>>> print(open('input_25.cif').read())   # mmCIF, C-alpha atoms
data_protein
#
loop_
_atom_site.label_atom_id
_atom_site.label_comp_id
_atom_site.auth_asym_id
_atom_site.auth_seq_id
_atom_site.Cartn_x
_atom_site.Cartn_y
_atom_site.Cartn_z
CA MET A 1 122.60 85.93 101.62
CA ASN A 2 122.98 82.59 99.86
CA GLU A 3 121.29 82.62 96.46
CA ASP A 4 119.40 79.46 97.41
CA GLU A 5 117.84 81.07 100.49
CA GLU A 6 114.32 82.36 100.02
CA LEU A 7 113.84 86.02 100.82
CA ARG A 8 110.99 86.99 103.10
CA VAL A 9 108.22 88.95 101.42
CA VAL A 10 107.13 92.41 102.56
CA ARG A 11 103.53 92.88 101.48
CA ILE A 12 102.38 96.40 100.65
CA LEU A 13 98.93 97.75 99.80
CA ALA A 14 98.96 101.03 97.85
CA ILE A 15 95.66 102.95 97.72
CA ASP A 16 95.38 105.97 95.44
CA ASP A 17 92.63 107.00 93.03
CA HIS A 18 95.19 107.60 90.27
CA GLU A 19 96.01 104.15 88.92
CA MET A 20 99.20 105.39 87.27
CA THR A 21 100.46 106.41 90.70
CA THR A 22 99.84 103.04 92.36
CA THR A 23 101.20 101.22 89.31
CA GLY A 24 104.32 103.36 89.53
CA TYR A 25 104.83 102.47 93.19
CA LYS A 26 104.35 98.79 92.36
CA TYR A 27 106.79 98.84 89.45
CA ILE A 28 109.50 100.69 91.38
CA LEU A 29 109.28 98.75 94.64
CA GLU A 30 108.96 95.29 93.13
CA ALA A 31 112.00 95.99 90.93
CA GLU A 32 114.16 97.14 93.86
CA ARG A 33 116.72 94.70 95.26
CA PHE A 34 116.51 94.92 99.04
CA ASP A 35 119.09 93.19 101.23
CA ASP A 36 116.84 91.03 103.40
CA PHE A 37 113.47 90.91 101.69
CA GLU A 38 111.55 91.37 98.49
CA VAL A 39 108.43 93.47 98.02
CA ARG A 40 105.03 92.56 96.62
CA VAL A 41 102.55 95.39 96.05
CA ASP A 42 98.75 95.14 95.76
CA ILE A 43 96.87 98.21 94.56
CA ALA A 44 93.43 99.75 95.05
CA THR A 45 92.08 102.81 93.26
CA ASN A 46 89.05 103.79 95.35
CA TYR A 47 87.77 103.76 98.91
CA GLU A 48 85.62 100.64 98.60
CA ASP A 49 88.34 98.52 97.01
CA GLY A 50 90.86 99.68 99.60
CA LYS A 51 88.47 98.95 102.48
CA GLU A 52 87.75 95.49 101.11
CA LYS A 53 91.45 94.65 100.82
CA ILE A 54 92.20 95.90 104.34
CA GLU A 55 89.30 93.88 105.77
CA PHE A 56 90.41 90.77 103.87
CA SER A 57 93.94 91.34 105.15
CA ALA A 58 92.61 91.28 108.72
CA ARG A 59 91.20 87.79 108.09
CA SER A 60 94.31 86.40 106.47
CA LEU A 61 97.89 87.70 106.23
CA ASN A 62 98.17 91.34 107.25
CA TYR A 63 99.89 93.82 104.95
CA ASP A 64 103.22 94.96 106.33
CA ILE A 65 102.70 98.50 104.99
CA ILE A 66 99.57 100.31 103.81
CA LEU A 67 100.20 103.36 101.61
CA LEU A 68 97.34 105.86 101.58
CA ASP A 69 96.48 108.95 99.61
CA ILE A 70 94.30 111.40 101.55
CA GLN A 71 91.79 112.18 98.81
CA LEU A 72 89.98 109.28 97.17
CA PHE A 73 87.08 109.08 94.76
CA PRO A 74 83.71 109.42 96.58
CA SER A 75 82.11 106.23 97.83
CA HIS A 76 79.04 104.81 96.11
CA GLU A 77 76.97 105.89 99.13
CA LYS A 78 78.10 109.50 98.55
CA GLU A 79 79.41 109.64 102.10
CA ILE A 80 82.51 111.51 103.17
CA ARG A 81 85.30 108.99 102.78
CA SER A 82 89.03 109.51 102.51
CA GLY A 83 92.39 107.90 103.00
CA GLU A 84 92.23 109.19 106.56
CA ASP A 85 89.13 107.04 107.14
CA LEU A 86 90.98 104.02 105.79
CA GLY A 87 93.89 104.82 108.08
CA VAL A 88 91.55 104.83 111.09
CA LEU A 89 90.07 101.51 109.91
CA ALA A 90 93.53 99.98 109.47
CA ARG A 91 94.59 101.04 112.95
CA LYS A 92 91.48 99.34 114.34
CA ILE A 93 91.48 96.01 112.49
CA VAL A 94 95.12 95.51 111.39
CA PRO A 95 97.13 97.33 114.08
CA GLU A 96 100.27 95.38 113.12
CA SER A 97 100.32 97.04 109.68
CA LYS A 98 102.39 100.19 109.24
CA VAL A 99 100.42 103.11 107.78
CA VAL A 100 102.10 105.68 105.54
CA PHE A 101 100.37 108.64 103.89
CA MET A 102 101.58 109.74 100.45
CA SER A 103 99.79 112.95 99.61
CA SER A 104 100.04 116.24 97.77
CA TYR A 105 99.07 118.04 100.98
CA SER A 106 101.78 119.46 103.20
CA ASP A 107 99.48 121.88 105.04
CA ASN A 108 100.18 121.63 108.77
CA LEU A 109 96.47 121.80 109.67
CA ARG A 110 95.69 118.80 107.44
CA ILE A 111 98.65 116.88 108.76
CA ASN A 112 97.56 117.70 112.31
CA SER A 113 94.21 116.04 111.62
CA ILE A 114 95.93 112.95 110.21
CA PHE A 115 98.27 112.63 113.19
CA LYS A 116 95.43 113.05 115.67
CA SER A 117 93.22 110.40 114.07
CA VAL A 118 95.74 107.88 112.72
CA ASP A 119 99.24 108.65 114.08
CA PRO A 120 100.87 107.25 110.91
CA ASP A 121 104.25 105.56 110.62
CA GLY A 122 105.22 107.87 107.79
CA TYR A 123 104.15 110.80 105.64
CA MET A 124 105.49 111.59 102.17
CA VAL A 125 104.71 114.65 100.09
CA LYS A 126 104.15 113.38 96.55
CA SER A 127 106.29 116.04 94.89
CA GLU A 128 109.24 114.68 96.90
CA ILE A 129 108.74 111.00 96.07
CA ASP A 130 111.27 109.27 93.86
CA GLU A 131 112.84 105.79 93.63
CA LYS A 132 115.34 106.52 96.38
CA SER A 133 112.80 107.91 98.84
CA LEU A 134 110.43 104.99 98.22
CA ARG A 135 113.18 102.51 98.96
CA THR A 136 114.29 104.40 102.07
CA MET A 137 110.68 104.68 103.28
CA VAL A 138 110.14 100.91 103.08
CA GLU A 139 113.42 100.10 104.82
CA THR A 140 112.82 102.67 107.56
CA VAL A 141 109.16 101.88 108.22
CA ILE A 142 109.81 98.12 108.37
CA GLU A 143 112.73 98.42 110.78
CA LYS A 144 112.44 101.68 112.71
CA PRO A 145 109.57 104.05 111.83
CA PRO A 146 108.64 106.82 111.27
CA TYR A 147 109.74 108.12 107.88
CA TYR A 148 109.00 111.64 106.58
CA THR A 149 110.05 113.48 103.45
CA ALA A 150 111.51 116.97 103.98
CA GLY A 151 108.27 118.83 103.27
CA ALA A 152 106.30 116.56 105.56
CA PHE A 153 108.84 116.98 108.35
CA THR A 154 108.66 120.77 108.06
CA ALA A 155 104.86 120.65 108.29
CA ILE A 156 105.05 118.31 111.26
CA ARG A 157 107.33 120.73 113.09
CA ARG A 158 104.80 123.53 112.42
CA ARG A 159 102.04 121.22 113.60
CA MET A 160 103.60 121.03 117.06
CA LYS A 161 102.67 124.68 117.58
CA ASN A 162 99.01 124.09 116.75
CA ASP A 163 96.94 121.47 118.54
CA ILE A 164 93.71 122.35 116.72
CA VAL A 165 91.99 119.59 114.78
CA ILE A 166 88.89 119.45 112.62
CA ASP A 167 86.46 116.81 113.89
CA GLU A 168 83.92 114.62 112.09
CA LEU A 169 81.09 117.14 112.57
CA ASP A 170 83.18 119.86 110.90
CA LYS A 171 83.98 117.52 108.01
CA LYS A 172 80.30 116.72 107.49
CA ILE A 173 79.39 120.41 107.46
CA LEU A 174 82.10 121.10 104.88
CA TYR A 175 80.94 118.19 102.75
CA TYR A 176 77.28 119.25 102.72
CA LEU A 177 78.25 122.84 101.96
CA SER A 178 80.41 121.59 99.07
CA ILE A 179 77.46 119.84 97.42
CA GLY A 180 75.24 122.91 97.72
CA THR A 181 73.23 122.07 100.83
CA ARG A 182 71.86 125.15 102.61
CA THR A 183 72.89 125.76 106.20
CA LYS A 184 69.37 125.30 107.56
CA ASP A 185 69.09 121.99 105.75
CA ILE A 186 72.42 120.72 107.05
CA ALA A 187 71.31 120.81 110.69
CA PRO A 188 68.88 117.83 110.55
CA LEU A 189 71.34 115.84 108.42
CA ILE A 190 73.92 115.97 111.20
CA SER A 191 71.47 115.92 114.11
CA SER A 192 72.38 119.43 115.25
CA ALA A 193 70.75 122.83 115.56
CA THR A 194 71.11 125.47 112.85
CA THR A 195 72.87 127.70 115.38
CA THR A 196 75.46 124.94 115.89
CA VAL A 197 76.11 124.76 112.14
CA GLU A 198 76.51 128.54 111.95
CA SER A 199 78.88 128.54 114.92
CA ARG A 200 80.97 125.75 113.42
CA LYS A 201 81.19 127.60 110.12
CA ARG A 202 82.49 130.72 111.89
CA GLN A 203 85.08 128.63 113.76
CA LEU A 204 86.22 127.00 110.53
CA LYS A 205 86.58 130.35 108.77
CA THR A 206 88.70 131.60 111.67
CA LEU A 207 90.77 128.42 111.62
CA PHE A 208 91.36 128.76 107.88
CA GLY A 209 92.18 132.45 108.19
CA ILE A 210 89.21 133.68 106.13
CA GLU A 211 87.07 135.27 108.85
CA SER A 212 85.36 137.67 106.44
CA GLY A 213 84.87 135.08 103.68
CA ASN A 214 81.55 133.60 102.59
CA ASP A 215 80.61 129.92 102.31
CA ILE A 216 82.16 129.67 98.85
CA ALA A 217 85.48 130.94 100.22
CA LEU A 218 85.22 128.41 103.06
CA ILE A 219 84.64 125.54 100.63
CA GLU A 220 87.52 126.63 98.39
CA GLU A 221 89.92 126.87 101.33
CA ALA A 222 88.76 123.50 102.68
CA ARG A 223 89.44 121.96 99.27
CA ARG A 224 92.86 123.62 99.07
CA LYS A 225 93.78 122.15 102.44
CA GLY A 226 92.46 118.69 101.51
CA PHE A 227 89.44 118.47 103.82
CA ILE A 228 86.95 118.05 100.96
#
>>> encode(input="input_25.cif", output="structure tokens")
Amino acid sequence: MNEDEELRVVRILAIDDHEMTTTGYKYILEAERFDDFEVRVDIATNYEDGKEKIEFSARSLNYDIILLDIQLFPSHEKEIRSGEDLGVLARKIVPESKVVFMSSYSDNLRINSIFKSVDPDGYMVKSEIDEKSLRTMVETVIEKPPYYTAGAFTAIRRRMKNDIVIDELDKKILYYLSIGTRTKDIAPLISSATTTVESRKRQLKTLFGIESGNDIALIEEARRKGFI
């Protein structure tokens, strides 16, 4: 390319509640010399800020790529909010944007939930992210998605054998249990019967492989898998 020609700009939004992580992505990607474009990265470090930037993007110039961590700091309203929720929002209001998850979680059950709700253009396990993989991810997702790191690809292959997904009602039950709400008090909060909550808890314990575990074990396993 002639030095006088202006490179097109690929706009990326990186959302992660660890500012050092998003700053690292920004520093690496903006310093990279791509053949046909240059990268500009905006960052957000919580759910609200990320939501605001995505909504603003829908009214102006859409982000080419949105990078999402699964777990984000709780919203001010103390509702259950995550990178998965932002992925669903992005698919709805900025469908042209590519969505890539960059998470510590490589559990096939968690990835199954993400693929059911968002169907992302990429998934990277954080322990596998380096300068080379970041560059390759951007080039691949812009031209011919999807892009997966090795750990993510392995989990995705396992996912194909399991079509089970945790729905919004399950997530609400897990959340209320995690903040100490008793089972009988959860039912009115989610407009369900106590028997429904009990049944859902049993199903979740079976799904997580802790059939004989108590509620504390259920919460711990849900946290380990990234659902809380």
>>> resolve_selection(input="input_25.cif", expression="the PyMOL selection byres ((chain A and resi 222) around 10)", output="list of chain:residue names")
A:Arg110, A:Lys171, A:Leu174, A:Tyr175, A:Ser178, A:Leu204, A:Lys205, A:Phe208, A:Ile216, A:Ala217, A:Leu218, A:Ile219, A:Glu220, A:Glu221, A:Arg223, A:Arg224, A:Lys225, A:Gly226, A:Phe227, A:Ile228
>>> atom_distance(input="input_25.cif", atom1="atom CA of Tyr148 of chain A", atom2="atom CA of Arg40 of chain A")
21.9 Å
>>> atom_distance(input="input_25.cif", atom1="atom CA of Tyr63 of chain A", atom2="atom CA of Lys98 of chain A")
8.1 Å
>>> residues_around(input="input_25.cif", residues="Pro146 of chain A", least_positions_apart="4", cutoff="8 Å", atoms="only C-alpha atoms", output="number ranges by chain")
A: 120-122, 140-141
>>> closest_residue(input="input_25.cif", among="A:Val99, A:Ala90, A:Ile179, A:Val138", to="Glu32 of chain A", atoms="only C-alpha atoms")
A:Val138
>>> resolve_selection(input="input_25.cif", expression="the PyMOL selection byres ((chain A and resi 113-116) around 9)", output="ChimeraX atom specification")
/A:70,84,87,101,108-112,117-120,164-167
>>> resolve_selection(input="input_25.cif", expression="the PyMOL selection byres ((chain A and resi 29) around 8)", output="PDB file with C-alpha atoms, in the frame of the given file")
ATOM      1  CA  TYR A  25     104.830 102.470  93.190  1.00  0.00           C
ATOM      2  CA  LYS A  26     104.350  98.790  92.360  1.00  0.00           C
ATOM      3  CA  TYR A  27     106.790  98.840  89.450  1.00  0.00           C
ATOM      4  CA  ILE A  28     109.500 100.690  91.380  1.00  0.00           C
ATOM      5  CA  GLU A  30     108.960  95.290  93.130  1.00  0.00           C
ATOM      6  CA  ALA A  31     112.000  95.990  90.930  1.00  0.00           C
ATOM      7  CA  GLU A  32     114.160  97.140  93.860  1.00  0.00           C
ATOM      8  CA  VAL A  39     108.430  93.470  98.020  1.00  0.00           C
ATOM      9  CA  ARG A  40     105.030  92.560  96.620  1.00  0.00           C
ATOM     10  CA  VAL A  41     102.550  95.390  96.050  1.00  0.00           C
ATOM     11  CA  GLU A 131     112.840 105.790  93.630  1.00  0.00           C
ATOM     12  CA  LEU A 134     110.430 104.990  98.220  1.00  0.00           C
ATOM     13  CA  ARG A 135     113.180 102.510  98.960  1.00  0.00           C
TER      14      ARG A 135
END
>>> closest_residue(input="input_25.cif", among="A:Phe56, A:Phe37, A:Tyr176, A:Tyr123", to="Arg11 of chain A", atoms="all atoms listed in the file")
A:Phe37
>>> residues_near_point(input="input_25.cif", point="(109.9, 111.9, 99.0)", cutoff="12 Å", atoms="all atoms listed in the file", output="short mmCIF file (atom, residue, chain, number, x, y, z; two decimals) with C-alpha atoms, keeping the file's coordinate frame")
data_model
loop_
_atom_site.label_atom_id
_atom_site.label_comp_id
_atom_site.auth_asym_id
_atom_site.auth_seq_id
_atom_site.Cartn_x
_atom_site.Cartn_y
_atom_site.Cartn_z
CA VAL A 100 102.10 105.68 105.54
CA PHE A 101 100.37 108.64 103.89
CA MET A 102 101.58 109.74 100.45
CA SER A 103 99.79 112.95 99.61
CA SER A 104 100.04 116.24 97.77
CA SER A 106 101.78 119.46 103.20
CA GLY A 122 105.22 107.87 107.79
CA TYR A 123 104.15 110.80 105.64
CA MET A 124 105.49 111.59 102.17
CA VAL A 125 104.71 114.65 100.09
CA LYS A 126 104.15 113.38 96.55
CA SER A 127 106.29 116.04 94.89
CA GLU A 128 109.24 114.68 96.90
CA ILE A 129 108.74 111.00 96.07
CA ASP A 130 111.27 109.27 93.86
CA GLU A 131 112.84 105.79 93.63
CA LYS A 132 115.34 106.52 96.38
CA SER A 133 112.80 107.91 98.84
CA LEU A 134 110.43 104.99 98.22
CA ARG A 135 113.18 102.51 98.96
CA THR A 136 114.29 104.40 102.07
CA MET A 137 110.68 104.68 103.28
CA VAL A 138 110.14 100.91 103.08
CA TYR A 147 109.74 108.12 107.88
CA TYR A 148 109.00 111.64 106.58
CA THR A 149 110.05 113.48 103.45
CA ALA A 150 111.51 116.97 103.98
CA GLY A 151 108.27 118.83 103.27
CA ALA A 152 106.30 116.56 105.56
CA PHE A 153 108.84 116.98 108.35
#
>>> residues_around(input="input_25.cif", residues="Ala44 of chain A", least_positions_apart="3", cutoff="9 Å", atoms="all atoms listed in the file", output="count of residues only")
13
>>> atom_distance(input="input_25.cif", atom1="atom CA of Leu89 of chain A", atom2="atom CA of Leu169 of chain A")
18.2 Å
>>> residues_around(input="input_25.cif", residues="segment 194-203 of chain A", least_positions_apart="5", cutoff="9 Å", atoms="only C-alpha atoms", output="list in words")
Leu169, Asp170, Ile173, Leu174, Thr183, Lys184, Asp185, Ile186, Ala187, Pro188, Phe208, Glu211, Asp215 and Leu218 of chain A
>>> closest_residue(input="input_25.cif", among="A:Ile142, A:Leu67, A:Leu207, A:Leu177", to="Glu96 of chain A", atoms="all atoms listed in the file")
A:Ile142
>>> closest_residue(input="input_25.cif", among="A:Asn46, A:Thr23, A:Ser97, A:Ser82", to="Ala58 of chain A", atoms="only C-alpha atoms")
A:Ser97
